[in-house]
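The data block below is my_file21.json; it holds JSON, C-alpha atoms and all ligand atoms.
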```json
[["chain", "number", "residue", "atom", "x", "y", "z"],
["M", 5, "LEU", "CA", 92.54, -70.75, -63.15],
["M", 6, "ASN", "CA", 94.84, -68.82, -65.46],
["M", 7, "ILE", "CA", 97.94, -70.37, -66.99],
["M", 8, "GLY", "CA", 100.77, -67.98, -67.89],
["M", 9, "PHE", "CA", 103.47, -68.52, -70.46],
["M", 10, "ILE", "CA", 106.71, -66.53, -70.57],
["M", 11, "GLY", "CA", 108.39, -67.55, -73.83],
["M", 12, "THR", "CA", 106.41, -68.76, -76.80],
["M", 13, "GLY", "CA", 109.22, -70.09, -78.98],
["M", 14, "ASN", "CA", 109.35, -73.75, -80.00],
["M", 15, "MET", "CA", 108.43, -75.42, -76.74],
["M", 16, "GLY", "CA", 106.15, -72.72, -75.36],
["M", 17, "ARG", "CA", 104.02, -72.90, -78.48],
["M", 18, "ILE", "CA", 104.06, -76.71, -78.58],
["M", 19, "LEU", "CA", 102.85, -76.89, -74.98],
["M", 20, "ILE", "CA", 100.08, -74.32, -75.53],
["M", 21, "GLU", "CA", 98.87, -76.20, -78.62],
["M", 22, "ALA", "CA", 99.08, -79.55, -76.81],
["M", 23, "PHE", "CA", 97.19, -78.33, -73.71],
["M", 24, "ILE", "CA", 94.42, -76.92, -75.91],
["M", 25, "GLY", "CA", 94.41, -79.99, -78.20],
["M", 26, "GLY", "CA", 94.29, -82.32, -75.20],
["M", 27, "ASN", "CA", 91.41, -80.32, -73.62],
["M", 28, "ALA", "CA", 93.59, -79.74, -70.58],
["M", 29, "VAL", "CA", 93.30, -75.93, -70.75],
["M", 30, "ARG", "CA", 90.80, -73.65, -72.53],
["M", 31, "PRO", "CA", 92.27, -70.93, -74.77],
["M", 32, "ASN", "CA", 90.71, -68.20, -72.58],
["M", 33, "GLN", "CA", 92.75, -69.43, -69.59],
["M", 34, "PHE", "CA", 96.08, -68.54, -71.22],
["M", 35, "ILE", "CA", 98.00, -65.32, -70.49],
["M", 36, "ILE", "CA", 101.07, -65.34, -72.69],
["M", 37, "THR", "CA", 104.03, -63.17, -73.61],
["M", 38, "ASN", "CA", 107.30, -63.40, -75.50],
["M", 39, "ARG", "CA", 110.35, -61.16, -75.90],
["M", 40, "THR", "CA", 109.50, -60.76, -79.59],
["M", 41, "LEU", "CA", 105.80, -60.12, -79.02],
["M", 42, "SER", "CA", 104.77, -60.98, -82.59],
["M", 43, "LYS", "CA", 105.41, -64.69, -81.81],
["M", 44, "ALA", "CA", 102.78, -64.55, -79.06],
["M", 45, "TYR", "CA", 100.34, -62.71, -81.36],
["M", 46, "ASP", "CA", 100.88, -65.45, -83.98],
["M", 47, "ILE", "CA", 99.51, -67.98, -81.49],
["M", 48, "GLN", "CA", 96.56, -65.67, -80.77],
["M", 49, "LYS", "CA", 95.71, -65.76, -84.49],
["M", 50, "GLN", "CA", 95.12, -69.49, -84.02],
["M", 51, "TYR", "CA", 93.31, -69.23, -80.66],
["M", 52, "LYS", "CA", 91.43, -65.91, -80.55],
["M", 53, "GLU", "CA", 90.38, -66.07, -76.87],
["M", 54, "LEU", "CA", 93.89, -66.36, -75.55],
["M", 55, "THR", "CA", 95.32, -63.20, -73.91],
["M", 56, "VAL", "CA", 98.63, -61.69, -75.02],
["M", 57, "VAL", "CA", 100.27, -59.25, -72.60],
["M", 58, "PRO", "CA", 103.31, -57.05, -73.33],
["M", 59, "THR", "CA", 105.45, -57.84, -70.27],
["M", 60, "ASN", "CA", 106.46, -60.73, -68.03],
["M", 61, "GLU", "CA", 105.15, -58.76, -65.00],
["M", 62, "GLU", "CA", 101.68, -58.69, -66.59],
["M", 63, "VAL", "CA", 101.75, -62.49, -66.86],
["M", 64, "VAL", "CA", 102.57, -62.72, -63.13],
["M", 65, "LYS", "CA", 99.73, -60.31, -62.31],
["M", 66, "LYS", "CA", 97.13, -62.24, -64.27],
["M", 67, "ALA", "CA", 98.15, -65.91, -63.87],
["M", 68, "ASN", "CA", 98.82, -68.27, -60.94],
["M", 69, "ILE", "CA", 100.65, -71.02, -62.76],
["M", 70, "ILE", "CA", 103.46, -69.62, -64.89],
["M", 71, "PHE", "CA", 105.40, -71.68, -67.41],
["M", 72, "ILE", "CA", 108.92, -70.39, -68.05],
["M", 73, "CYS", "CA", 109.73, -71.54, -71.59],
["M", 74, "ILE", "CA", 112.95, -69.66, -72.25],
["M", 75, "LYS", "CA", 116.57, -70.76, -72.68],
["M", 76, "PRO", "CA", 118.49, -71.73, -69.51],
["M", 77, "LEU", "CA", 120.77, -68.67, -69.36],
["M", 78, "ASP", "CA", 117.82, -66.27, -69.79],
["M", 79, "ILE", "CA", 116.00, -67.71, -66.77],
["M", 80, "TYR", "CA", 118.07, -66.18, -63.94],
["M", 81, "PRO", "CA", 117.63, -62.56, -65.12],
["M", 82, "VAL", "CA", 113.90, -63.07, -65.80],
["M", 83, "LEU", "CA", 113.13, -64.71, -62.44],
["M", 84, "ASN", "CA", 115.34, -62.25, -60.59],
["M", 85, "GLN", "CA", 113.35, -59.41, -62.10],
["M", 86, "LEU", "CA", 110.01, -61.12, -61.33],
["M", 87, "SER", "CA", 110.89, -62.32, -57.85],
["M", 88, "SER", "CA", 109.37, -59.34, -56.00],
["M", 89, "HIS", "CA", 106.09, -59.73, -57.94],
["M", 90, "LEU", "CA", 105.73, -63.46, -57.18],
["M", 91, "THR", "CA", 103.76, -64.53, -54.10],
["M", 92, "GLU", "CA", 102.82, -67.74, -52.27],
["M", 93, "ASN", "CA", 99.88, -68.04, -54.64],
["M", 94, "HIS", "CA", 102.09, -68.49, -57.68],
["M", 95, "CYS", "CA", 103.60, -71.66, -59.03],
["M", 96, "ILE", "CA", 106.52, -71.49, -61.45],
["M", 97, "VAL", "CA", 106.87, -74.35, -63.93],
["M", 98, "SER", "CA", 110.34, -74.53, -65.45],
["M", 99, "ILE", "CA", 110.86, -76.77, -68.47],
["M", 100, "THR", "CA", 114.63, -76.67, -68.73],
["M", 101, "SER", "CA", 117.05, -79.37, -67.57],
["M", 102, "PRO", "CA", 120.23, -77.52, -66.45],
["M", 103, "ILE", "CA", 118.48, -75.59, -63.66],
["M", 104, "SER", "CA", 117.46, -77.57, -60.57],
["M", 105, "VAL", "CA", 114.32, -76.95, -58.54],
["M", 106, "GLU", "CA", 116.59, -76.02, -55.60],
["M", 107, "GLN", "CA", 118.22, -73.28, -57.67],
["M", 108, "LEU", "CA", 114.81, -71.99, -58.74],
["M", 109, "GLU", "CA", 113.54, -72.08, -55.14],
["M", 110, "SER", "CA", 116.52, -70.03, -54.02],
["M", 111, "LEU", "CA", 115.46, -67.27, -56.39],
["M", 112, "VAL", "CA", 111.68, -67.03, -56.07],
["M", 113, "PRO", "CA", 109.36, -67.07, -53.04],
["M", 114, "CYS", "CA", 106.65, -69.19, -54.70],
["M", 115, "HIS", "CA", 105.96, -72.87, -55.44],
["M", 116, "VAL", "CA", 108.34, -74.42, -57.96],
["M", 117, "ILE", "CA", 108.10, -77.50, -60.15],
["M", 118, "ARG", "CA", 110.15, -78.63, -63.13],
["M", 119, "VAL", "CA", 108.53, -80.51, -65.98],
["M", 120, "ILE", "CA", 110.69, -81.40, -68.96],
["M", 121, "PRO", "CA", 108.41, -81.94, -71.94],
["M", 122, "SER", "CA", 109.03, -83.59, -75.30],
["M", 123, "ILE", "CA", 107.91, -82.72, -78.81],
["M", 124, "THR", "CA", 105.98, -86.03, -78.64],
["M", 125, "ASN", "CA", 103.61, -84.26, -76.22],
["M", 126, "ARG", "CA", 102.30, -82.27, -79.21],
["M", 127, "ALA", "CA", 100.69, -85.54, -80.36],
["M", 128, "LEU", "CA", 99.44, -86.09, -76.78],
["M", 129, "ALA", "CA", 102.00, -88.88, -76.48],
["M", 130, "GLY", "CA", 105.39, -89.62, -74.96],
["M", 131, "SER", "CA", 106.39, -88.75, -71.42],
["M", 132, "SER", "CA", 107.03, -85.62, -69.39],
["M", 133, "LEU", "CA", 109.64, -85.60, -66.61],
["M", 134, "ILE", "CA", 108.55, -84.10, -63.30],
["M", 135, "THR", "CA", 110.73, -82.97, -60.39],
["M", 136, "VAL", "CA", 108.95, -81.28, -57.50],
["M", 137, "GLY", "CA", 110.44, -78.50, -55.40],
["M", 138, "LYS", "CA", 110.53, -78.96, -51.60],
["M", 139, "ARG", "CA", 108.25, -75.97, -51.10],
["M", 140, "CYS", "CA", 105.73, -77.03, -53.74],
["M", 141, "ALA", "CA", 102.26, -77.53, -52.25],
["M", 142, "GLU", "CA", 100.45, -80.81, -52.92],
["M", 143, "ARG", "CA", 97.61, -78.93, -54.67],
["M", 144, "TYR", "CA", 100.01, -77.52, -57.26],
["M", 145, "ARG", "CA", 101.88, -80.82, -57.67],
["M", 146, "SER", "CA", 98.67, -82.69, -58.35],
["M", 147, "LEU", "CA", 97.31, -79.93, -60.62],
["M", 148, "ILE", "CA", 100.46, -79.90, -62.77],
["M", 149, "GLU", "CA", 100.51, -83.70, -62.92],
["M", 150, "THR", "CA", 96.87, -83.69, -64.05],
["M", 151, "LEU", "CA", 97.63, -81.11, -66.74],
["M", 152, "PHE", "CA", 100.53, -83.12, -68.10],
["M", 153, "ALA", "CA", 98.63, -86.41, -67.82],
["M", 154, "GLN", "CA", 96.33, -85.06, -70.53],
["M", 155, "ILE", "CA", 99.15, -84.57, -73.01],
["M", 156, "SER", "CA", 101.71, -87.18, -71.90],
["M", 157, "ARG", "CA", 102.66, -89.85, -69.41],
["M", 158, "PRO", "CA", 104.08, -87.90, -66.45],
["M", 159, "ILE", "CA", 107.09, -89.60, -64.86],
["M", 160, "TYR", "CA", 108.78, -88.40, -61.66],
["M", 161, "ILE", "CA", 112.56, -88.21, -61.82],
["M", 162, "ASP", "CA", 115.30, -87.27, -59.34],
["M", 163, "GLU", "CA", 117.95, -84.69, -60.16],
["M", 164, "PRO", "CA", 120.85, -87.15, -60.86],
["M", 165, "ILE", "CA", 119.13, -88.72, -63.90],
["M", 166, "THR", "CA", 117.85, -85.43, -65.31],
["M", 167, "ARG", "CA", 120.09, -85.38, -68.39],
["M", 168, "ILE", "CA", 119.88, -89.02, -69.42],
["M", 169, "ALA", "CA", 116.09, -89.02, -68.91],
["M", 170, "SER", "CA", 115.83, -85.89, -71.08],
["M", 171, "ASP", "CA", 118.13, -87.43, -73.70],
["M", 172, "LEU", "CA", 115.85, -90.45, -73.93],
["M", 173, "THR", "CA", 112.54, -88.56, -74.00],
["M", 174, "SER", "CA", 113.20, -85.05, -75.34],
["M", 175, "CYS", "CA", 116.28, -85.48, -77.56],
["M", 176, "GLY", "CA", 115.16, -88.98, -78.59],
["M", 177, "PRO", "CA", 112.71, -87.73, -81.27],
["M", 178, "ALA", "CA", 115.51, -85.70, -82.91],
["M", 179, "PHE", "CA", 117.99, -88.58, -82.67],
["M", 180, "PHE", "CA", 115.56, -91.05, -84.21],
["M", 181, "SER", "CA", 114.44, -88.56, -86.89],
["M", 182, "TYR", "CA", 118.09, -88.30, -87.88],
["M", 183, "LEU", "CA", 118.55, -92.07, -87.93],
["M", 184, "LEU", "CA", 115.34, -92.53, -89.92],
["M", 185, "GLN", "CA", 116.55, -90.00, -92.50],
["M", 186, "LYS", "CA", 119.81, -91.96, -92.79],
["M", 187, "PHE", "CA", 117.75, -95.17, -93.19],
["M", 188, "ILE", "CA", 115.83, -93.50, -96.03],
["M", 189, "ASP", "CA", 118.97, -91.99, -97.62],
["M", 190, "ALA", "CA", 120.59, -95.41, -97.80],
["M", 191, "ALA", "CA", 117.49, -96.98, -99.35],
["M", 192, "VAL", "CA", 117.44, -94.29, -102.04],
["M", 193, "GLN", "CA", 121.19, -94.54, -102.60],
["M", 194, "GLU", "CA", 121.28, -98.34, -102.91],
["M", 195, "THR", "CA", 118.06, -99.07, -104.84],
["M", 196, "THR", "CA", 115.64, -97.55, -107.35],
["M", 197, "ILE", "CA", 113.02, -96.67, -104.72],
["M", 198, "THR", "CA", 112.06, -92.98, -104.75],
["M", 199, "ARG", "CA", 112.68, -90.79, -101.67],
["M", 200, "GLU", "CA", 108.94, -90.19, -101.41],
["M", 201, "GLN", "CA", 108.10, -93.91, -101.35],
["M", 202, "ALA", "CA", 110.92, -94.72, -98.94],
["M", 203, "THR", "CA", 109.78, -91.90, -96.63],
["M", 204, "ILE", "CA", 106.20, -93.19, -96.60],
["M", 205, "LEU", "CA", 107.28, -96.77, -95.95],
["M", 206, "ALA", "CA", 109.79, -95.89, -93.22],
["M", 207, "SER", "CA", 107.36, -93.46, -91.53],
["M", 208, "GLU", "CA", 104.50, -95.97, -91.56],
["M", 209, "MET", "CA", 106.87, -98.56, -90.13],
["M", 210, "MET", "CA", 107.73, -96.19, -87.24],
["M", 211, "ILE", "CA", 104.04, -95.47, -86.57],
["M", 212, "GLY", "CA", 103.30, -99.21, -86.52],
["M", 213, "PHE", "CA", 106.34, -99.81, -84.32],
["M", 214, "GLY", "CA", 105.04, -97.21, -81.87],
["M", 215, "GLU", "CA", 101.62, -98.89, -81.87],
["M", 216, "LEU", "CA", 103.22, -102.24, -81.07],
["M", 217, "LEU", "CA", 105.07, -100.71, -78.13],
["M", 218, "GLN", "CA", 101.87, -98.94, -77.06],
["M", 219, "LYS", "CA", 99.96, -102.22, -77.01],
["M", 220, "ARG", "CA", 102.78, -103.79, -75.01],
["M", 221, "LEU", "CA", 102.51, -106.91, -77.15],
["M", 222, "TYR", "CA", 106.24, -107.59, -77.18],
["M", 223, "THR", "CA", 109.32, -106.61, -75.27],
["M", 224, "LEU", "CA", 112.02, -105.02, -77.46],
["M", 225, "PRO", "CA", 114.15, -108.23, -77.56],
["M", 226, "SER", "CA", 111.10, -110.45, -78.26],
["M", 227, "LEU", "CA", 109.98, -108.13, -81.08],
["M", 228, "GLN", "CA", 113.45, -108.33, -82.63],
["M", 229, "GLU", "CA", 113.40, -112.10, -82.30],
["M", 230, "LYS", "CA", 109.95, -112.39, -83.98],
["M", 231, "VAL", "CA", 111.17, -110.49, -87.04],
["M", 232, "CYS", "CA", 114.51, -112.27, -87.23],
["M", 233, "VAL", "CA", 113.68, -115.63, -88.78],
["M", 234, "LYS", "CA", 116.65, -117.94, -88.10],
["M", 235, "GLY", "CA", 119.18, -117.64, -90.91],
["M", 236, "GLY", "CA", 116.94, -115.05, -92.60],
["M", 237, "ILE", "CA", 117.38, -111.66, -94.17],
["M", 238, "THR", "CA", 116.66, -109.45, -91.12],
["M", 239, "GLY", "CA", 119.31, -111.35, -89.15],
["M", 240, "ALA", "CA", 121.86, -110.60, -91.88],
["M", 241, "GLY", "CA", 121.01, -106.90, -91.49],
["M", 242, "ILE", "CA", 121.22, -107.08, -87.69],
["M", 243, "GLU", "CA", 124.71, -108.59, -88.01],
["M", 244, "VAL", "CA", 125.81, -105.45, -89.86],
["M", 245, "LEU", "CA", 124.20, -103.24, -87.19],
["M", 246, "GLU", "CA", 125.95, -105.21, -84.49],
["M", 247, "ARG", "CA", 129.31, -104.93, -86.22],
["M", 248, "GLU", "CA", 129.06, -101.24, -87.05],
["M", 249, "ILE", "CA", 127.10, -99.52, -84.29],
["M", 250, "GLY", "CA", 129.95, -99.80, -81.78],
["M", 251, "ASP", "CA", 129.77, -97.24, -78.98],
["M", 252, "LEU", "CA", 127.71, -94.78, -81.03],
["M", 253, "PHE", "CA", 125.08, -94.09, -78.36],
["M", 254, "VAL", "CA", 127.66, -94.16, -75.55],
["M", 255, "HIS", "CA", 129.42, -91.31, -77.36],
["M", 256, "VAL", "CA", 126.12, -89.49, -77.97],
["M", 257, "PHE", "CA", 125.29, -89.58, -74.24],
["M", 258, "GLN", "CA", 128.84, -88.61, -73.26],
["M", 259, "LYS", "CA", 128.58, -85.57, -75.52],
["M", 260, "THR", "CA", 125.11, -84.49, -74.29],
["M", 261, "HIS", "CA", 126.31, -84.80, -70.69],
["M", 262, "GLU", "CA", 129.47, -82.82, -71.41],
["M", 263, "LYS", "CA", 127.36, -80.01, -72.92],
["M", 264, "PHE", "CA", 124.88, -80.28, -70.01],
["M", 265, "TYR", "CA", 127.58, -79.91, -67.35],
["M", 266, "GLY", "CA", 128.99, -76.93, -69.26],
["M", 267, "GLU", "CA", 125.56, -75.26, -69.21],
["M", 268, "LYS", "CA", 125.07, -76.15, -65.54],
["M", 269, "GLN", "CA", 128.37, -74.47, -64.74],
["M", 270, "LYS", "CA", 127.30, -71.26, -66.51],
["M", 271, "VAL", "CA", 123.94, -71.34, -64.73],
["M", 272, "LYS", "CA", 125.68, -72.00, -61.39],
["M", 273, "SER", "CA", 127.82, -68.90, -61.74],
["M", 274, "GLN", "CA", 124.63, -66.85, -62.25],
["M", 275, "PHE", "CA", 123.03, -68.38, -59.14],
["M", 276, "ASP", "CA", 126.18, -68.64, -56.97],
["M", 277, "ASP", "CA", 125.84, -65.30, -55.26],
["M", 278, "ILE", "CA", 122.44, -66.20, -53.79],
["M", 279, "ILE", "CA", 122.81, -69.92, -52.88],
["M", 280, "ARG", "CA", 123.53, -70.11, -49.18],
["B", 1, "LIG", "N1", 112.80, -77.82, -77.96],
["B", 1, "LIG", "C1", 112.58, -78.91, -77.23],
["B", 1, "LIG", "O1", 112.29, -80.01, -77.74],
["B", 1, "LIG", "C2", 112.66, -78.82, -75.72],
["B", 1, "LIG", "C3", 112.33, -79.94, -74.96],
["B", 1, "LIG", "C4", 112.37, -79.86, -73.56],
["B", 1, "LIG", "C5", 112.73, -78.67, -72.95],
["B", 1, "LIG", "N2", 113.06, -77.59, -73.72],
["B", 1, "LIG", "C6", 113.44, -76.33, -73.03],
["B", 1, "LIG", "O2", 112.56, -75.33, -73.45],
["B", 1, "LIG", "C7", 113.19, -74.06, -73.34],
["B", 1, "LIG", "C8", 112.88, -73.25, -74.57],
["B", 1, "LIG", "O3", 113.38, -73.94, -75.69],
["B", 1, "LIG", "P1", 112.84, -73.63, -77.14],
["B", 1, "LIG", "O4", 113.33, -74.71, -78.03],
["B", 1, "LIG", "O5", 111.39, -73.32, -77.06],
["B", 1, "LIG", "O6", 113.68, -72.26, -77.42],
["B", 1, "LIG", "P2", 113.22, -71.03, -78.33],
["B", 1, "LIG", "O7", 112.47, -71.51, -79.52],
["B", 1, "LIG", "O8", 114.46, -70.21, -78.53],
["B", 1, "LIG", "O9", 112.21, -70.22, -77.42],
["B", 1, "LIG", "C9", 112.60, -69.41, -76.36],
["B", 1, "LIG", "C10", 111.68, -68.21, -76.37],
["B", 1, "LIG", "O10", 111.92, -67.46, -75.20],
["B", 1, "LIG", "C11", 111.77, -66.09, -75.54],
["B", 1, "LIG", "N3", 112.47, -65.25, -74.56],
["B", 1, "LIG", "C12", 113.80, -65.13, -74.34],
["B", 1, "LIG", "N4", 114.04, -64.25, -73.34],
["B", 1, "LIG", "C13", 112.84, -63.81, -72.94],
["B", 1, "LIG", "C14", 112.42, -62.89, -71.93],
["B", 1, "LIG", "N5", 113.31, -62.24, -71.16],
["B", 1, "LIG", "N6", 111.10, -62.66, -71.78],
["B", 1, "LIG", "C15", 110.17, -63.30, -72.55],
["B", 1, "LIG", "N7", 110.51, -64.19, -73.52],
["B", 1, "LIG", "C16", 111.82, -64.43, -73.70],
["B", 1, "LIG", "C17", 112.40, -66.01, -76.91],
["B", 1, "LIG", "O11", 111.96, -64.83, -77.55],
["B", 1, "LIG", "P3", 112.55, -64.29, -78.94],
["B", 1, "LIG", "O12", 111.49, -64.65, -79.94],
["B", 1, "LIG", "O13", 112.72, -62.83, -78.76],
["B", 1, "LIG", "O14", 113.86, -65.00, -79.18],
["B", 1, "LIG", "C18", 111.91, -67.27, -77.57],
["B", 1, "LIG", "O15", 110.68, -67.14, -78.24],
["B", 1, "LIG", "C19", 114.69, -74.31, -73.16],
["B", 1, "LIG", "O16", 115.05, -73.99, -71.84],
["B", 1, "LIG", "C20", 114.83, -75.79, -73.42],
["B", 1, "LIG", "O17", 115.81, -76.38, -72.58],
["B", 1, "LIG", "C21", 113.02, -77.63, -75.08]]
```

I need this file expressed as structure tokens, please.
Ligand SMILES: NC(=O)c1ccc[n+]([C@@H]2O[C@H](COP(=O)([O-])OP(=O)(O)OC[C@H]3O[C@@H](n4cnc5c(N)ncnc54)[C@H](OP(=O)(O)O)[C@@H]3O)[C@@H](O)[C@H]2O)c1
Amino acid sequence: LNIGFIGTGNMGRILIEAFIGGNAVRPNQFIITNRTLSKAYDIQKQYKELTVVPTNEEVVKKANIIFICIKPLDIYPVLNQLSSHLTENHCIVSITSPISVEQLESLVPCHVIRVIPSITNRALAGSSLITVGKRCAERYRSLIETLFAQISRPIYIDEPITRIASDLTSCGPAFFSYLLQKFIDAAVQETTITREQATILASEMMIGFGELLQKRLYTLPSLQEKVCVKGGITGAGIEVLEREIGDLFVHVFQKTHEKFYGEKQKVKSQFDDIIR
């Protein structure tokens, strides 16, 4: 079974590396391309047996499962151009949130599934968010789930929670990287600890925190309670957090949704002429 990739930017490359690292796909099963072809050849330098082809049509000719790892507004023109080359034997996997499986199905005659990955999948961790098209055959659904199960925890989601689920899983690593950097900045600003030491300590704490969650030893509130000795130092810190955090994350999610609906609107105007 050949796995095609159209788009080998950030996420395309991360997924290829994760699938190979997680032994989900062998390098010689990949048929990949990218608008700037040198990016695809860069990946081939790492995995010699992988095939690079010069056009999107070549990917469709040589692969059955085709990952579309390009930006939302580039998807309509690419799929429109490929539509006549796609058959019932193909399955398109879209990884972008603003385009629904219904919109994709209206454009191509093949099986369609959407899987929104996360950078955490590169470490064979975190979740992936699956939404299955109405026309998608069970064999493709189960194959894609099996692929993603080797690099993540696949979770099925319905369209209405697409953005918030993606915020939590896919944007989450960027949000928490930012917060962790602020955590480190403050430590360096307020004390004599070096940035290097603070970075090691904060990063190790996050890794340990992840392990605790992984082992399901505590719920989030019970973990907080265990650390907060009554009248102790952590509690004094939590009081500051409680006072100052306000509606921070409410505003973050409002903003991501505003941007999302804006993108959806632009995508809709591309698709409008063909949705019946
Ligand atoms: N980054 C994340 O954490 C993340 C998480 C979940 C989902 N996603 C989704 O993943 C998708 C890609 O995001 P990204 O961060 O990987 O973006 P990116 O780094 O910009 O990669 C997009 C790639 O698509 C290529 N491309 C554009 N038009 C093309 C065409 N017509 N034919 C072939 N290749 C084409 C671009 O080529 P050039 O080199 O010529 O620009 C670029 O390498 C987005 O839809 C995003 O919503 C991303």

Can you pull out every residue with an atom within 10 Å of ligand LIG 1 (chain B)? Use all atoms listed in the file and format it as number ranges by chain.
M: 9-19, 36-44, 58-61, 72-83, 85, 98-103, 119-125, 132-133, 170-171, 173-178

Test item: residues at most 12 Å from range 206-214 of chain M, all atoms listed in the file, excluding those fewer than 5 positions along its chain, as a list in words:
Thr124, Ala129, Gly130, Pro177, Phe180, Ser181, Leu183, Leu184, Gln185, Lys186, Phe187, Ile188, Asp189, Ala190, Ala191, Val192, Ile197, Arg199, Glu200, Gln201, Lys219, Arg220, Leu221, Tyr222, Thr223, Leu224, Leu227 and Gln228 of chain M

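We find CA of His115 in chain M and CA of Glu92 in chain M to be spaced 6.8 Å apart.
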
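What separates CA of Val256 in chain M from CA of Gly241 in chain M is a distance of 22.6 Å.
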
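Using all atoms listed in the file, the shortest contact distance between Ile155 in chain M and any of M:Ile134, M:Gln48, M:Ala127, M:Val64 is found at M:Ala127.
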
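Here CA of Ile161 in chain M stands at a distance of 21.3 Å from CA of Val254 in chain M.
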
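The neighbours of Ile24 in chain M here are the residues that come within 12 Å of it, using all atoms listed in the file and leaving out any residue fewer than 6 positions away in the same chain; they are M:Ile7, M:Arg17, M:Ile18, M:Arg30, M:Pro31, M:Asn32, M:Gln33, M:Phe34, M:Ile47, M:Gln50, M:Tyr51, M:Glu53, M:Leu54, M:Asn125, M:Arg126, M:Ala127, M:Leu128, M:Leu151, M:Phe152, M:Gln154, M:Ile155.
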
Hey, what's within 12 Å of range 138-149 of chain M if we count all atoms listed in the file and toss same-chain stuff fewer than 3 positions away? As a PyMOL selection string, please?
chain M and resi 5+7+23+28-29+68-71+92-98+104-110+112-119+131-135+152-160

Nearby residues (all atoms listed in the file) at most 10 Å from His261 in chain M, same-chain spacing under 6 positions excluded, as a list of chain:residue names:
M:Arg167, M:Ile168, M:Asp171, M:His255, M:Glu267
